[in-house]
>>> print(open('target_4.pdb').read())   # PDB, C-alpha atoms, pLDDT in the B column
ATOM      1  CA  MET A   1    -124.072 -99.653  55.765  1.00 33.00           C
ATOM      2  CA  GLN A   2    -126.120-102.532  54.473  1.00 40.00           C
ATOM      3  CA  SER A   3    -129.495-100.889  54.014  1.00 41.00           C
ATOM      4  CA  GLY A   4    -128.136 -97.639  52.584  1.00 45.00           C
ATOM      5  CA  ASN A   5    -130.914 -95.346  51.455  1.00 50.00           C
ATOM      6  CA  LYS A   6    -132.919 -97.987  49.635  1.00 61.00           C
ATOM      7  CA  TYR A   7    -135.733 -97.551  52.175  1.00 62.00           C
ATOM      8  CA  ARG A   8    -135.523 -93.732  52.256  1.00 78.00           C
ATOM      9  CA  LEU A   9    -136.333 -93.958  55.930  1.00 90.00           C
ATOM     10  CA  ARG A  10    -137.525 -90.960  57.879  1.00 92.00           C
ATOM     11  CA  PHE A  11    -137.963 -90.419  61.585  1.00 94.00           C
ATOM     12  CA  GLU A  12    -141.236 -89.032  62.917  1.00 95.00           C
ATOM     13  CA  ARG A  13    -141.518 -88.058  66.559  1.00 95.00           C
ATOM     14  CA  ILE A  14    -144.580 -89.541  68.225  1.00 96.00           C
ATOM     15  CA  GLU A  15    -146.472 -88.429  71.325  1.00 97.00           C
ATOM     16  CA  ASP A  16    -149.188 -91.100  71.190  1.00 97.00           C
ATOM     17  CA  ALA A  17    -147.915 -94.677  71.340  1.00 97.00           C
ATOM     18  CA  ALA A  18    -151.290 -95.854  70.010  1.00 97.00           C
ATOM     19  CA  VAL A  19    -149.870 -95.382  66.499  1.00 97.00           C
ATOM     20  CA  LEU A  20    -147.745 -98.437  67.304  1.00 97.00           C
ATOM     21  CA  SER A  21    -150.705-100.670  68.201  1.00 96.00           C
ATOM     22  CA  GLU A  22    -150.126-102.840  65.106  1.00 96.00           C
ATOM     23  CA  PHE A  23    -146.334-102.773  65.367  1.00 98.00           C
ATOM     24  CA  ASN A  24    -144.647-106.038  66.403  1.00 97.00           C
ATOM     25  CA  CYS A  25    -140.942-106.818  66.525  1.00 96.00           C
ATOM     26  CA  GLY A  26    -141.486-110.489  67.379  1.00 94.00           C
ATOM     27  CA  LEU A  27    -139.930-110.312  70.858  1.00 91.00           C
ATOM     28  CA  ASP A  28    -142.762-110.701  73.368  1.00 92.00           C
ATOM     29  CA  VAL A  29    -141.206-108.657  76.159  1.00 90.00           C
ATOM     30  CA  MET A  30    -140.462-105.741  73.828  1.00 93.00           C
ATOM     31  CA  ASP A  31    -143.859-105.903  72.105  1.00 96.00           C
ATOM     32  CA  ARG A  32    -145.655-105.878  75.467  1.00 96.00           C
ATOM     33  CA  PHE A  33    -143.618-102.859  76.540  1.00 96.00           C
ATOM     34  CA  ILE A  34    -144.279-100.961  73.291  1.00 97.00           C
ATOM     35  CA  HIS A  35    -148.029-101.596  73.551  1.00 97.00           C
ATOM     36  CA  SER A  36    -148.466-100.989  77.272  1.00 95.00           C
ATOM     37  CA  GLY A  37    -145.452 -99.182  78.769  1.00 95.00           C
ATOM     38  CA  LEU A  38    -144.073 -96.843  76.158  1.00 97.00           C
ATOM     39  CA  GLN A  39    -146.797 -94.216  76.604  1.00 97.00           C
ATOM     40  CA  TRP A  40    -145.765 -93.765  80.238  1.00 96.00           C
ATOM     41  CA  CYS A  41    -142.192 -93.051  79.094  1.00 95.00           C
ATOM     42  CA  ILE A  42    -143.474 -90.451  76.635  1.00 96.00           C
ATOM     43  CA  ASP A  43    -145.830 -88.806  79.145  1.00 96.00           C
ATOM     44  CA  TYR A  44    -143.171 -88.491  81.834  1.00 96.00           C
ATOM     45  CA  HIS A  45    -140.400 -87.375  79.467  1.00 93.00           C
ATOM     46  CA  TYR A  46    -138.274 -90.416  80.162  1.00 93.00           C
ATOM     47  CA  CYS A  47    -137.390 -90.516  76.475  1.00 93.00           C
ATOM     48  CA  VAL A  48    -138.274 -89.103  73.068  1.00 94.00           C
ATOM     49  CA  VAL A  49    -139.825 -91.694  70.757  1.00 96.00           C
ATOM     50  CA  TYR A  50    -139.607 -91.848  66.980  1.00 96.00           C
ATOM     51  CA  ALA A  51    -141.467 -94.042  64.541  1.00 97.00           C
ATOM     52  CA  VAL A  52    -139.085 -94.983  61.731  1.00 96.00           C
ATOM     53  CA  LYS A  53    -141.004 -94.971  58.480  1.00 95.00           C
ATOM     54  CA  ASP A  54    -140.502 -96.261  54.975  1.00 93.00           C
ATOM     55  CA  SER A  55    -143.020 -94.059  53.166  1.00 89.00           C
ATOM     56  CA  GLU A  56    -145.979 -94.254  55.598  1.00 90.00           C
ATOM     57  CA  ASP A  57    -145.106 -97.774  56.733  1.00 94.00           C
ATOM     58  CA  ILE A  58    -143.675 -98.007  60.297  1.00 97.00           C
ATOM     59  CA  VAL A  59    -140.675-100.339  60.100  1.00 97.00           C
ATOM     60  CA  GLY A  60    -138.975 -99.448  63.368  1.00 97.00           C
ATOM     61  CA  VAL A  61    -139.191 -97.629  66.680  1.00 98.00           C
ATOM     62  CA  VAL A  62    -136.392 -95.868  68.539  1.00 97.00           C
ATOM     63  CA  ALA A  63    -136.513 -94.035  71.859  1.00 96.00           C
ATOM     64  CA  LEU A  64    -133.736 -91.677  72.947  1.00 94.00           C
ATOM     65  CA  GLY A  65    -132.885 -90.328  76.371  1.00 93.00           C
ATOM     66  CA  CYS A  66    -130.247 -88.256  78.136  1.00 91.00           C
ATOM     67  CA  ASP A  67    -127.381 -90.114  79.754  1.00 93.00           C
ATOM     68  CA  LYS A  68    -123.818 -89.706  80.936  1.00 93.00           C
ATOM     69  CA  LEU A  69    -120.871 -91.949  80.262  1.00 93.00           C
ATOM     70  CA  GLU A  70    -118.174 -92.483  82.859  1.00 92.00           C
ATOM     71  CA  LEU A  71    -114.784 -93.526  81.514  1.00 89.00           C
ATOM     72  CA  ASP A  72    -111.923 -94.704  83.673  1.00 88.00           C
ATOM     73  CA  THR A  73    -108.244 -94.199  82.866  1.00 89.00           C
ATOM     74  CA  SER A  74    -107.892 -97.453  80.906  1.00 87.00           C
ATOM     75  CA  ASP A  75    -111.013 -96.672  78.831  1.00 86.00           C
ATOM     76  CA  LYS A  76    -109.564 -93.286  77.898  1.00 86.00           C
ATOM     77  CA  GLU A  77    -106.161 -94.763  77.076  1.00 86.00           C
ATOM     78  CA  GLU A  78    -107.759 -97.302  74.720  1.00 84.00           C
ATOM     79  CA  LEU A  79    -109.718 -94.544  72.988  1.00 84.00           C
ATOM     80  CA  GLN A  80    -106.681 -92.251  72.699  1.00 82.00           C
ATOM     81  CA  MET A  81    -104.532 -95.068  71.296  1.00 83.00           C
ATOM     82  CA  GLY A  82    -107.139 -95.773  68.618  1.00 77.00           C
ATOM     83  CA  PHE A  83    -108.244 -99.242  69.718  1.00 75.00           C
ATOM     84  CA  PHE A  84    -111.795 -97.936  69.264  1.00 76.00           C
ATOM     85  CA  PRO A  85    -113.146 -95.019  67.212  1.00 73.00           C
ATOM     86  CA  LYS A  86    -111.769 -91.885  68.824  1.00 74.00           C
ATOM     87  CA  PRO A  87    -113.928 -88.825  69.559  1.00 77.00           C
ATOM     88  CA  GLU A  88    -113.290 -85.854  67.289  1.00 73.00           C
ATOM     89  CA  ILE A  89    -112.127 -83.172  69.708  1.00 75.00           C
ATOM     90  CA  ASP A  90    -111.009 -79.655  68.920  1.00 74.00           C
ATOM     91  CA  PHE A  91    -107.237 -79.414  69.506  1.00 75.00           C
ATOM     92  CA  ASN A  92    -107.673 -76.531  71.978  1.00 78.00           C
ATOM     93  CA  TYR A  93    -110.133 -78.578  74.060  1.00 79.00           C
ATOM     94  CA  GLN A  94    -108.351 -81.941  74.172  1.00 82.00           C
ATOM     95  CA  ASP A  95    -106.711 -81.574  77.598  1.00 86.00           C
ATOM     96  CA  THR A  96    -110.003 -80.463  79.146  1.00 86.00           C
ATOM     97  CA  PHE A  97    -111.932 -83.264  77.428  1.00 84.00           C
ATOM     98  CA  TRP A  98    -109.656 -86.091  78.569  1.00 86.00           C
ATOM     99  CA  ALA A  99    -109.436 -84.696  82.131  1.00 90.00           C
ATOM    100  CA  LYS A 100    -113.167 -85.196  82.664  1.00 89.00           C
ATOM    101  CA  SER A 101    -114.504 -88.279  84.444  1.00 88.00           C
ATOM    102  CA  SER A 102    -117.951 -88.260  82.835  1.00 91.00           C
ATOM    103  CA  TYR A 103    -119.364 -87.125  79.503  1.00 90.00           C
ATOM    104  CA  PRO A 104    -122.860 -86.239  78.302  1.00 89.00           C
ATOM    105  CA  ALA A 105    -124.300 -88.987  76.127  1.00 92.00           C
ATOM    106  CA  ILE A 106    -127.447 -89.862  74.255  1.00 93.00           C
ATOM    107  CA  GLU A 107    -128.950 -93.174  75.265  1.00 95.00           C
ATOM    108  CA  ILE A 108    -130.724 -95.482  72.873  1.00 97.00           C
ATOM    109  CA  SER A 109    -133.370 -96.385  75.440  1.00 96.00           C
ATOM    110  CA  TYR A 110    -135.306 -98.709  73.121  1.00 96.00           C
ATOM    111  CA  LEU A 111    -134.830 -99.833  69.543  1.00 97.00           C
ATOM    112  CA  ALA A 112    -137.015-102.318  67.673  1.00 97.00           C
ATOM    113  CA  VAL A 113    -137.435-103.265  64.020  1.00 97.00           C
ATOM    114  CA  ARG A 114    -140.682-104.745  62.735  1.00 97.00           C
ATOM    115  CA  GLU A 115    -140.509-108.527  62.702  1.00 97.00           C
ATOM    116  CA  ASP A 116    -140.846-108.925  58.932  1.00 96.00           C
ATOM    117  CA  LYS A 117    -138.167-106.251  58.325  1.00 95.00           C
ATOM    118  CA  ARG A 118    -135.465-107.623  60.622  1.00 93.00           C
ATOM    119  CA  HIS A 119    -132.039-108.665  59.277  1.00 92.00           C
ATOM    120  CA  LEU A 120    -132.259-106.161  56.392  1.00 93.00           C
ATOM    121  CA  GLY A 121    -129.923-103.516  57.818  1.00 93.00           C
ATOM    122  CA  ILE A 122    -132.668-101.256  59.176  1.00 96.00           C
ATOM    123  CA  GLY A 123    -131.418-101.489  62.766  1.00 96.00           C
ATOM    124  CA  GLU A 124    -127.916-100.459  61.695  1.00 95.00           C
ATOM    125  CA  TYR A 125    -129.387 -97.593  59.675  1.00 94.00           C
ATOM    126  CA  ILE A 126    -131.288 -96.364  62.740  1.00 95.00           C
ATOM    127  CA  VAL A 127    -128.158 -96.445  64.930  1.00 95.00           C
ATOM    128  CA  GLU A 128    -126.119 -94.566  62.307  1.00 91.00           C
ATOM    129  CA  ALA A 129    -128.903 -92.017  61.829  1.00 91.00           C
ATOM    130  CA  VAL A 130    -129.146 -91.396  65.574  1.00 92.00           C
ATOM    131  CA  GLY A 131    -125.382 -90.904  65.733  1.00 89.00           C
ATOM    132  CA  GLN A 132    -125.411 -88.430  62.877  1.00 84.00           C
ATOM    133  CA  ARG A 133    -128.309 -86.499  64.336  1.00 83.00           C
ATOM    134  CA  ALA A 134    -126.560 -86.371  67.691  1.00 81.00           C
ATOM    135  CA  LEU A 135    -123.680 -84.530  66.022  1.00 76.00           C
ATOM    136  CA  ASP A 136    -126.015 -81.856  64.685  1.00 73.00           C
ATOM    137  CA  SER A 137    -125.728 -78.838  66.996  1.00 60.00           C
ATOM    138  CA  ARG A 138    -129.379 -77.944  66.318  1.00 61.00           C
ATOM    139  CA  PHE A 139    -130.453 -81.047  68.240  1.00 60.00           C
ATOM    140  CA  ASN A 140    -127.493 -81.811  70.522  1.00 58.00           C
ATOM    141  CA  LEU A 141    -127.318 -78.949  72.975  1.00 55.00           C
ATOM    142  CA  ALA A 142    -125.122 -80.902  75.397  1.00 65.00           C
ATOM    143  CA  GLY A 143    -122.373 -81.530  72.835  1.00 73.00           C
ATOM    144  CA  CYS A 144    -122.562 -85.315  73.184  1.00 82.00           C
ATOM    145  CA  GLN A 145    -119.717 -87.332  71.679  1.00 83.00           C
ATOM    146  CA  PHE A 146    -121.116 -90.731  72.718  1.00 91.00           C
ATOM    147  CA  LEU A 147    -124.137 -92.975  72.332  1.00 94.00           C
ATOM    148  CA  THR A 148    -124.953 -95.422  75.120  1.00 96.00           C
ATOM    149  CA  VAL A 149    -127.248 -98.421  75.399  1.00 97.00           C
ATOM    150  CA  GLU A 150    -128.199-101.023  77.974  1.00 97.00           C
ATOM    151  CA  ALA A 151    -128.101-103.949  75.545  1.00 96.00           C
ATOM    152  CA  TYR A 152    -130.257-106.939  76.484  1.00 93.00           C
ATOM    153  CA  ASN A 153    -127.822-109.746  77.244  1.00 92.00           C
ATOM    154  CA  LYS A 154    -129.805-112.898  77.968  1.00 86.00           C
ATOM    155  CA  GLY A 155    -130.410-116.019  75.882  1.00 83.00           C
ATOM    156  CA  THR A 156    -131.064-116.110  72.157  1.00 83.00           C
ATOM    157  CA  ASN A 157    -132.511-112.582  72.121  1.00 83.00           C
ATOM    158  CA  SER A 158    -129.276-110.933  73.254  1.00 90.00           C
ATOM    159  CA  ALA A 159    -128.671-107.627  71.489  1.00 94.00           C
ATOM    160  CA  VAL A 160    -124.979-107.433  72.396  1.00 96.00           C
ATOM    161  CA  SER A 161    -123.759-108.848  69.068  1.00 95.00           C
ATOM    162  CA  PHE A 162    -125.979-106.394  67.160  1.00 96.00           C
ATOM    163  CA  TYR A 163    -124.576-103.396  69.027  1.00 97.00           C
ATOM    164  CA  SER A 164    -121.033-104.748  68.720  1.00 95.00           C
ATOM    165  CA  HIS A 165    -121.628-104.923  64.956  1.00 94.00           C
ATOM    166  CA  CYS A 166    -122.635-101.228  65.169  1.00 94.00           C
ATOM    167  CA  ASP A 167    -119.249-100.413  66.797  1.00 91.00           C
ATOM    168  CA  PHE A 168    -120.431-100.237  70.421  1.00 94.00           C
ATOM    169  CA  ILE A 169    -118.024-101.507  73.068  1.00 92.00           C
ATOM    170  CA  ALA A 170    -118.736-102.739  76.582  1.00 92.00           C
ATOM    171  CA  ALA A 171    -118.518-100.150  79.347  1.00 91.00           C
ATOM    172  CA  GLU A 172    -118.533-102.853  82.019  1.00 90.00           C
ATOM    173  CA  GLU A 173    -117.839-106.525  82.582  1.00 90.00           C
ATOM    174  CA  PRO A 174    -120.847-108.808  81.906  1.00 89.00           C
ATOM    175  CA  ASN A 175    -122.732-109.557  85.123  1.00 91.00           C
ATOM    176  CA  PRO A 176    -124.696-112.838  85.288  1.00 89.00           C
ATOM    177  CA  ASN A 177    -127.140-111.158  87.696  1.00 92.00           C
ATOM    178  CA  LYS A 178    -127.899-108.325  85.268  1.00 94.00           C
ATOM    179  CA  GLU A 179    -130.020-108.748  82.135  1.00 92.00           C
ATOM    180  CA  THR A 180    -128.270-105.960  80.227  1.00 94.00           C
ATOM    181  CA  LEU A 181    -124.745-104.954  79.294  1.00 96.00           C
ATOM    182  CA  ARG A 182    -123.925-101.246  79.282  1.00 96.00           C
ATOM    183  CA  MET A 183    -122.241-100.327  75.994  1.00 96.00           C
ATOM    184  CA  TYR A 184    -121.111 -97.131  74.312  1.00 95.00           C
ATOM    185  CA  LYS A 185    -120.088 -95.840  70.919  1.00 92.00           C
ATOM    186  CA  THR A 186    -118.100 -92.823  69.797  1.00 89.00           C
ATOM    187  CA  ILE A 187    -120.184 -90.705  67.466  1.00 84.00           C
ATOM    188  CA  LEU A 188    -118.483 -90.063  64.136  1.00 57.00           C
ATOM    189  CA  PRO A 189    -119.741 -88.023  61.173  1.00 50.00           C
ATOM    190  CA  LEU A 190    -121.340 -89.941  58.293  1.00 40.00           C
ATOM    191  CA  ALA A 191    -121.457 -89.005  54.634  1.00 37.00           C
ATOM    192  CA  GLN A 192    -125.194 -89.536  54.119  1.00 36.00           C
ATOM    193  CA  PHE A 193    -128.221 -89.001  56.264  1.00 36.00           C
ATOM    194  CA  GLU A 194    -131.860 -88.885  55.238  1.00 41.00           C
ATOM    195  CA  ASP A 195    -134.733 -86.930  56.765  1.00 42.00           C
ATOM    196  CA  VAL A 196    -135.184 -86.999  60.533  1.00 44.00           C
ATOM    197  CA  ASP A 197    -137.472 -83.993  60.795  1.00 47.00           C
ATOM    198  CA  ASP A 198    -139.830 -83.823  63.753  1.00 44.00           C
ATOM    199  CA  GLU A 199    -142.305 -81.805  61.731  1.00 42.00           C
TER     200      GLU A 199
END
>>> encode(input="target_4.pdb", output="structure tokens")
Amino acid sequence: MQSGNKYRLRFERIEDAAVLSEFNCGLDVMDRFIHSGLQWCIDYHYCVVYAVKDSEDIVGVVALGCDKLELDTSDKEELQMGFFPKPEIDFNYQDTFWAKSSYPAIEISYLAVREDKRHLGIGEYIVEAVGQRALDSRFNLAGCQFLTVEAYNKGTNSAVSFYSHCDFIAAEEPNPNKETLRMYKTILPLAQFEDVDDE
């Protein structure tokens, strides 16, 4: 991972989006949402929001929600054949796992990196950290093996290439009438992970 631990980033859960009043990622639509719509998502439990900090400096924001991933037969065959990172499944549970039609997942509902900190590997760090945390049974009561995202897929601000770089794959064909592309990633263990305490 590009950024490694050089930032010593930590995740701090937030309940009051006002702490993000000075945060800007440089994308108008996202900045407007963070400053005027994110609090509604927090209040109505649509997602859990974390400020990503380097020391006390907020360098990113990530919001996580509950989701489910539906995989058809060809998706499962591609995963089983190793075309994409394969879920780590206990041998005794494999038949049951692959027989399912849908799987619990954790959705990256929103992810933004501060404008002056973009292109430094922080976004990739956040995605990897979320994946590692999702594997921790203390936080992942549903036993999720996947991350999902509705990646913005319009114009120069498309996030599809970023998520592809983070090993997400498309869960659907691109639709010109839809501004996002549903993508998913198999969660795999990572060697290093810094503090993500909620305390």
>>> atom_distance(input="target_4.pdb", atom1="CA of Tyr152 in chain A", atom2="CA of Leu69 in chain A")
18.1 Å
>>> closest_residue(input="target_4.pdb", among="A:Leu79, A:Val48, A:Cys41, A:Cys144", to="Ile106 in chain A", atoms="only C-alpha atoms")
A:Cys144
>>> residues_near_point(input="target_4.pdb", point="(-134.9, -99.6, 57.2)", cutoff="12 Å", atoms="only C-alpha atoms", output="PyMOL selection string")
chain A and resi 1-11+51-55+57-61+112-129+194
>>> closest_residue(input="target_4.pdb", among="A:Asn153, A:Gln94, A:Ser158, A:Gln80", to="Glu179 in chain A", atoms="only C-alpha atoms")
A:Asn153
>>> atom_distance(input="target_4.pdb", atom1="CA of Asp167 in chain A", atom2="CA of Phe84 in chain A")
8.2 Å
>>> resolve_selection(input="target_4.pdb", expression="the PyMOL selection byres ((chain A and resi 70-75) around 12)", output="PyMOL selection string")
chain A and resi 67-69+76-86+97-105+146+148+169-172+182-184
>>> resolve_selection(input="target_4.pdb", expression="the PyMOL selection byres ((chain A and resi 31) around 12)", output="PyMOL selection string")
chain A and resi 17+20-30+32-38+60-61+110-115
>>> atom_distance(input="target_4.pdb", atom1="CA of Glu88 in chain A", atom2="CA of Leu64 in chain A")
22.0 Å
>>> residues_near_point(input="target_4.pdb", point="(-128.4, -107.2, 84.6)", cutoff="10 Å", atoms="only C-alpha atoms", output="PyMOL selection string")
chain A and resi 150-154+174-182
>>> closest_residue(input="target_4.pdb", among="A:Ala18, A:Cys66, A:Val160, A:Val49", to="Ala134 in chain A", atoms="only C-alpha atoms")
A:Cys66
>>> closest_residue(input="target_4.pdb", among="A:Gly131, A:Pro87, A:Gly155, A:Gly143", to="Glu107 in chain A", atoms="all atoms listed in the file")
A:Gly131
>>> closest_residue(input="target_4.pdb", among="A:Thr156, A:Ser161, A:Gln39, A:Gln132", to="Ile14 in chain A", atoms="all atoms listed in the file")
A:Gln39
>>> closest_residue(input="target_4.pdb", among="A:Asp95, A:Asp90, A:Lys185, A:Val130", to="His165 in chain A", atoms="all atoms listed in the file")
A:Lys185
